[in-house]
Amino acid sequence: MMIDANLLPFSVDELVKSKAWHDATPEQRRKFISASITFDTVLTHYADKYREKKTIKGEFIACVLWDFYYDLFCNPLEQGNGFDFELGYYYENNIDNYSERLLDEAIDPKRWIKVLKQAYRENKEKIIEGTTDKNGEIDLDLVNDFSVEYRDYLY
(Lines give C-alpha, C1' and ligand atoms only; values in the text may rest on other atoms or scores of the structure.)
Protein backbone atom coordinates (compact mmCIF):
# COMPACT_ATOMS: atom_id res chain seq x y z
CA MET A 1 0.00 0.00 0.00
CA MET A 2 1.49 3.32 -1.06
CA ILE A 3 0.39 6.43 0.78
CA ASP A 4 1.89 9.86 0.57
CA ALA A 5 3.21 10.34 4.12
CA ASN A 6 2.49 14.07 3.87
CA LEU A 7 -1.24 13.29 3.77
CA LEU A 8 -1.25 11.36 7.03
CA PRO A 9 -2.20 13.09 10.28
CA PHE A 10 0.90 11.78 12.06
CA SER A 11 4.63 11.46 11.55
CA VAL A 12 5.47 8.24 9.78
CA ASP A 13 9.11 8.66 10.80
CA GLU A 14 8.28 8.27 14.49
CA LEU A 15 5.80 5.46 13.95
CA VAL A 16 8.07 3.22 11.89
CA LYS A 17 10.72 3.37 14.61
CA SER A 18 8.40 1.50 16.96
CA LYS A 19 8.46 -2.22 17.63
CA ALA A 20 4.66 -2.28 17.50
CA TRP A 21 4.66 -1.04 13.91
CA HIS A 22 7.24 -3.61 12.88
CA ASP A 23 5.27 -6.38 14.58
CA ALA A 24 1.95 -5.34 13.02
CA THR A 25 0.62 -7.20 10.01
CA PRO A 26 -0.11 -5.28 6.81
CA GLU A 27 -3.83 -5.54 7.62
CA GLN A 28 -3.28 -4.09 11.10
CA ARG A 29 -1.28 -1.24 9.60
CA ARG A 30 -4.05 -0.49 7.08
CA LYS A 31 -6.65 -0.57 9.82
CA PHE A 32 -4.58 1.78 11.96
CA ILE A 33 -4.03 4.24 9.11
CA SER A 34 -7.73 4.18 8.28
CA ALA A 35 -8.72 4.71 11.93
CA SER A 36 -6.22 7.54 12.30
CA ILE A 37 -7.44 9.37 9.23
CA THR A 38 -11.07 8.88 10.28
CA PHE A 39 -10.47 10.16 13.81
CA ASP A 40 -8.44 13.13 12.55
CA THR A 41 -11.02 14.07 9.93
CA VAL A 42 -14.05 13.84 12.22
CA LEU A 43 -12.49 15.68 15.14
CA THR A 44 -11.07 18.40 12.90
CA HIS A 45 -14.49 18.92 11.31
CA TYR A 46 -16.25 19.41 14.63
CA ALA A 47 -13.50 21.52 16.21
CA ASP A 48 -13.43 23.81 13.16
CA LYS A 49 -17.22 24.00 13.04
CA TYR A 50 -17.47 25.16 16.65
CA ARG A 51 -14.51 27.53 16.41
CA GLU A 52 -16.17 29.26 13.44
CA LYS A 53 -19.08 30.25 15.70
CA LYS A 54 -16.75 32.76 17.41
CA THR A 55 -18.57 32.41 20.73
CA ILE A 56 -17.20 31.47 24.13
CA LYS A 57 -19.12 28.21 24.04
CA GLY A 58 -17.94 27.40 20.51
CA GLU A 59 -14.33 28.20 21.33
CA PHE A 60 -14.58 26.16 24.53
CA ILE A 61 -15.83 23.11 22.61
CA ALA A 62 -13.16 23.52 19.92
CA CYS A 63 -10.31 23.92 22.40
CA VAL A 64 -11.34 20.94 24.53
CA LEU A 65 -11.70 18.81 21.40
CA TRP A 66 -8.16 19.79 20.37
CA ASP A 67 -6.87 19.01 23.87
CA PHE A 68 -8.52 15.59 23.62
CA TYR A 69 -7.02 15.12 20.13
CA TYR A 70 -3.51 15.86 21.32
CA ASP A 71 -3.88 13.62 24.35
CA LEU A 72 -5.40 10.64 22.54
CA PHE A 73 -3.71 10.98 19.18
CA CYS A 74 -0.60 13.17 19.12
CA ASN A 75 0.99 12.08 22.38
CA PRO A 76 1.09 8.40 21.44
CA LEU A 77 2.30 9.08 17.93
CA GLU A 78 4.57 12.08 18.09
CA GLN A 79 5.14 13.83 21.37
CA GLY A 80 4.72 11.56 24.33
CA ASN A 81 6.63 8.59 25.61
CA GLY A 82 6.60 6.82 22.27
CA PHE A 83 4.21 4.58 20.45
CA ASP A 84 5.43 1.36 22.08
CA PHE A 85 5.06 2.78 25.58
CA GLU A 86 1.57 4.16 24.90
CA LEU A 87 0.39 0.90 23.33
CA GLY A 88 1.74 -1.08 26.25
CA TYR A 89 0.36 1.20 28.92
CA TYR A 90 -3.10 1.88 27.48
CA TYR A 91 -3.83 -0.75 24.85
CA GLU A 92 -2.26 -4.01 26.04
CA ASN A 93 0.49 -3.82 23.37
CA ASN A 94 -2.15 -4.30 20.71
CA ILE A 95 -2.32 -1.88 17.78
CA ASP A 96 -5.82 -3.20 17.00
CA ASN A 97 -7.06 -1.99 20.39
CA TYR A 98 -5.79 1.50 19.65
CA SER A 99 -7.28 1.49 16.15
CA GLU A 100 -10.62 0.41 17.55
CA ARG A 101 -10.50 3.16 20.18
CA LEU A 102 -9.91 5.80 17.50
CA LEU A 103 -12.76 4.44 15.39
CA ASP A 104 -15.10 4.17 18.38
CA GLU A 105 -14.47 7.81 19.22
CA ALA A 106 -15.02 8.92 15.61
CA ILE A 107 -18.26 6.95 15.20
CA ASP A 108 -20.20 9.07 17.69
CA PRO A 109 -18.77 12.61 17.64
CA LYS A 110 -22.08 14.09 18.72
CA ARG A 111 -21.42 12.48 22.10
CA TRP A 112 -18.39 14.79 22.39
CA ILE A 113 -20.55 17.82 21.70
CA LYS A 114 -23.29 16.76 24.09
CA VAL A 115 -20.79 16.15 26.89
CA LEU A 116 -18.95 19.42 26.26
CA LYS A 117 -22.15 21.45 26.14
CA GLN A 118 -23.04 19.98 29.52
CA ALA A 119 -19.56 20.80 30.84
CA TYR A 120 -19.99 24.35 29.56
CA ARG A 121 -23.36 24.71 31.30
CA GLU A 122 -21.93 23.36 34.56
CA ASN A 123 -18.91 25.66 34.44
CA LYS A 124 -20.21 28.65 32.49
CA GLU A 125 -19.37 31.32 35.06
CA LYS A 126 -15.83 30.04 35.53
CA ILE A 127 -15.30 29.75 31.77
CA ILE A 128 -16.58 33.26 31.11
CA GLU A 129 -14.40 34.57 33.91
CA GLY A 130 -11.41 32.81 32.33
CA THR A 131 -12.05 34.51 28.99
CA THR A 132 -12.36 37.98 30.40
CA ASP A 133 -9.18 40.04 30.08
CA LYS A 134 -7.98 42.71 32.50
CA ASN A 135 -10.07 45.34 30.68
CA GLY A 136 -13.28 43.35 31.10
CA GLU A 137 -13.34 42.37 27.42
CA ILE A 138 -13.96 38.83 26.19
CA ASP A 139 -10.86 37.31 24.61
CA LEU A 140 -11.57 33.94 22.99
CA ASP A 141 -7.85 33.20 22.77
CA LEU A 142 -7.81 32.83 26.57
CA VAL A 143 -9.99 29.70 26.39
CA ASN A 144 -6.96 27.71 25.27
CA ASP A 145 -5.19 28.63 28.53
CA PHE A 146 -7.56 26.53 30.64
CA SER A 147 -9.41 24.20 28.27
CA VAL A 148 -7.17 21.24 29.10
CA GLU A 149 -8.80 21.18 32.54
CA TYR A 150 -12.02 19.98 30.85
CA ARG A 151 -10.51 17.30 28.59
CA ASP A 152 -11.38 14.52 31.04
CA TYR A 153 -15.08 15.06 30.37
CA LEU A 154 -14.48 13.17 27.12
CA TYR A 155 -13.03 10.08 28.75
# chains A, B, ... in the order shown; residues from 1 in each chain; ligands from 1

call {"tool": "residues_around", "arguments": {"residues": "Tyr120 in chain A", "least_positions_apart": "5", "cutoff": "10 Å", "atoms": "only C-alpha atoms", "output": "ChimeraX atom specification"}}
result
/A:56-58,60-61,114-115,125-128,150

call {"tool": "write_last_selection", "arguments": {"atoms": "N, CA and C atoms", "output": "tab-separated table (two decimals), in the first residue's frame"}}
result
chain	number	residue	atom	x	y	z
A	56	ILE	N	-17.94	32.10	23.04
A	56	ILE	CA	-17.20	31.47	24.13
A	56	ILE	C	-17.47	29.97	24.14
A	57	LYS	N	-18.73	29.62	24.02
A	57	LYS	CA	-19.12	28.21	24.04
A	57	LYS	C	-18.48	27.46	22.86
A	58	GLY	N	-18.53	28.03	21.68
A	58	GLY	CA	-17.94	27.40	20.51
A	58	GLY	C	-16.44	27.23	20.65
A	60	PHE	N	-14.78	27.14	23.46
A	60	PHE	CA	-14.58	26.16	24.53
A	60	PHE	C	-14.64	24.74	23.96
A	61	ILE	N	-15.68	24.44	23.19
A	61	ILE	CA	-15.83	23.11	22.61
A	61	ILE	C	-14.65	22.80	21.69
A	114	LYS	N	-22.32	16.81	23.01
A	114	LYS	CA	-23.29	16.76	24.09
A	114	LYS	C	-22.60	16.88	25.45
A	115	VAL	N	-21.53	16.14	25.64
A	115	VAL	CA	-20.79	16.15	26.89
A	115	VAL	C	-20.17	17.53	27.13
A	125	GLU	N	-19.90	30.12	34.39
A	125	GLU	CA	-19.37	31.32	35.06
A	125	GLU	C	-17.84	31.30	35.10
A	126	LYS	N	-17.29	30.17	35.46
A	126	LYS	CA	-15.83	30.04	35.53
A	126	LYS	C	-15.19	30.21	34.15
A	127	ILE	N	-15.82	29.65	33.13
A	127	ILE	CA	-15.30	29.75	31.77
A	127	ILE	C	-15.35	31.20	31.28
A	128	ILE	N	-16.46	31.86	31.52
A	128	ILE	CA	-16.58	33.26	31.11
A	128	ILE	C	-15.55	34.11	31.85
A	150	TYR	N	-10.71	20.58	31.14
A	150	TYR	CA	-12.02	19.98	30.85
A	150	TYR	C	-11.92	18.77	29.93

call {"tool": "select_by_dssp", "arguments": {"residues": "range 54-138 of chain A", "states": "alpha helix (DSSP H)", "output": "PyMOL selection string"}}
result
chain A and resi 56-69+83-90+95-107+109-122+124-131

call {"tool": "closest_residue", "arguments": {"among": "A:Asp71, A:Glu59, A:Glu92, A:Asp145", "to": "Leu116 in chain A", "atoms": "only C-alpha atoms"}}
result
A:Glu59

call {"tool": "closest_residue", "arguments": {"among": "A:Leu77, A:Asp67, A:Ser36, A:Thr44", "to": "Leu15 in chain A", "atoms": "only C-alpha atoms"}}
result
A:Leu77

call {"tool": "atom_distance", "arguments": {"atom1": "CA of Gln28 in chain A", "atom2": "CA of Ser99 in chain A"}}
result
8.5 Å

call {"tool": "closest_residue", "arguments": {"among": "A:Leu72, A:Glu52, A:Ala62, A:Tyr98", "to": "Arg29 in chain A", "atoms": "only C-alpha atoms"}}
result
A:Tyr98

call {"tool": "residues_around", "arguments": {"residues": "Ser147 in chain A", "least_positions_apart": "4", "cutoff": "6 Å", "atoms": "only C-alpha atoms", "output": "PyMOL selection string"}}
result
chain A and resi 63-64+143

call {"tool": "write_last_selection", "arguments": {"atoms": "N, CA and C atoms", "output": "tab-separated table (two decimals), in the first residue's frame"}}
result
chain	number	residue	atom	x	y	z
A	63	CYS	N	-11.57	24.07	21.66
A	63	CYS	CA	-10.31	23.92	22.40
A	63	CYS	C	-10.25	22.60	23.16
A	64	VAL	N	-11.35	22.21	23.79
A	64	VAL	CA	-11.34	20.94	24.53
A	64	VAL	C	-11.20	19.77	23.56
A	143	VAL	N	-9.38	31.01	26.12
A	143	VAL	CA	-9.99	29.70	26.39
A	143	VAL	C	-8.93	28.61	26.35
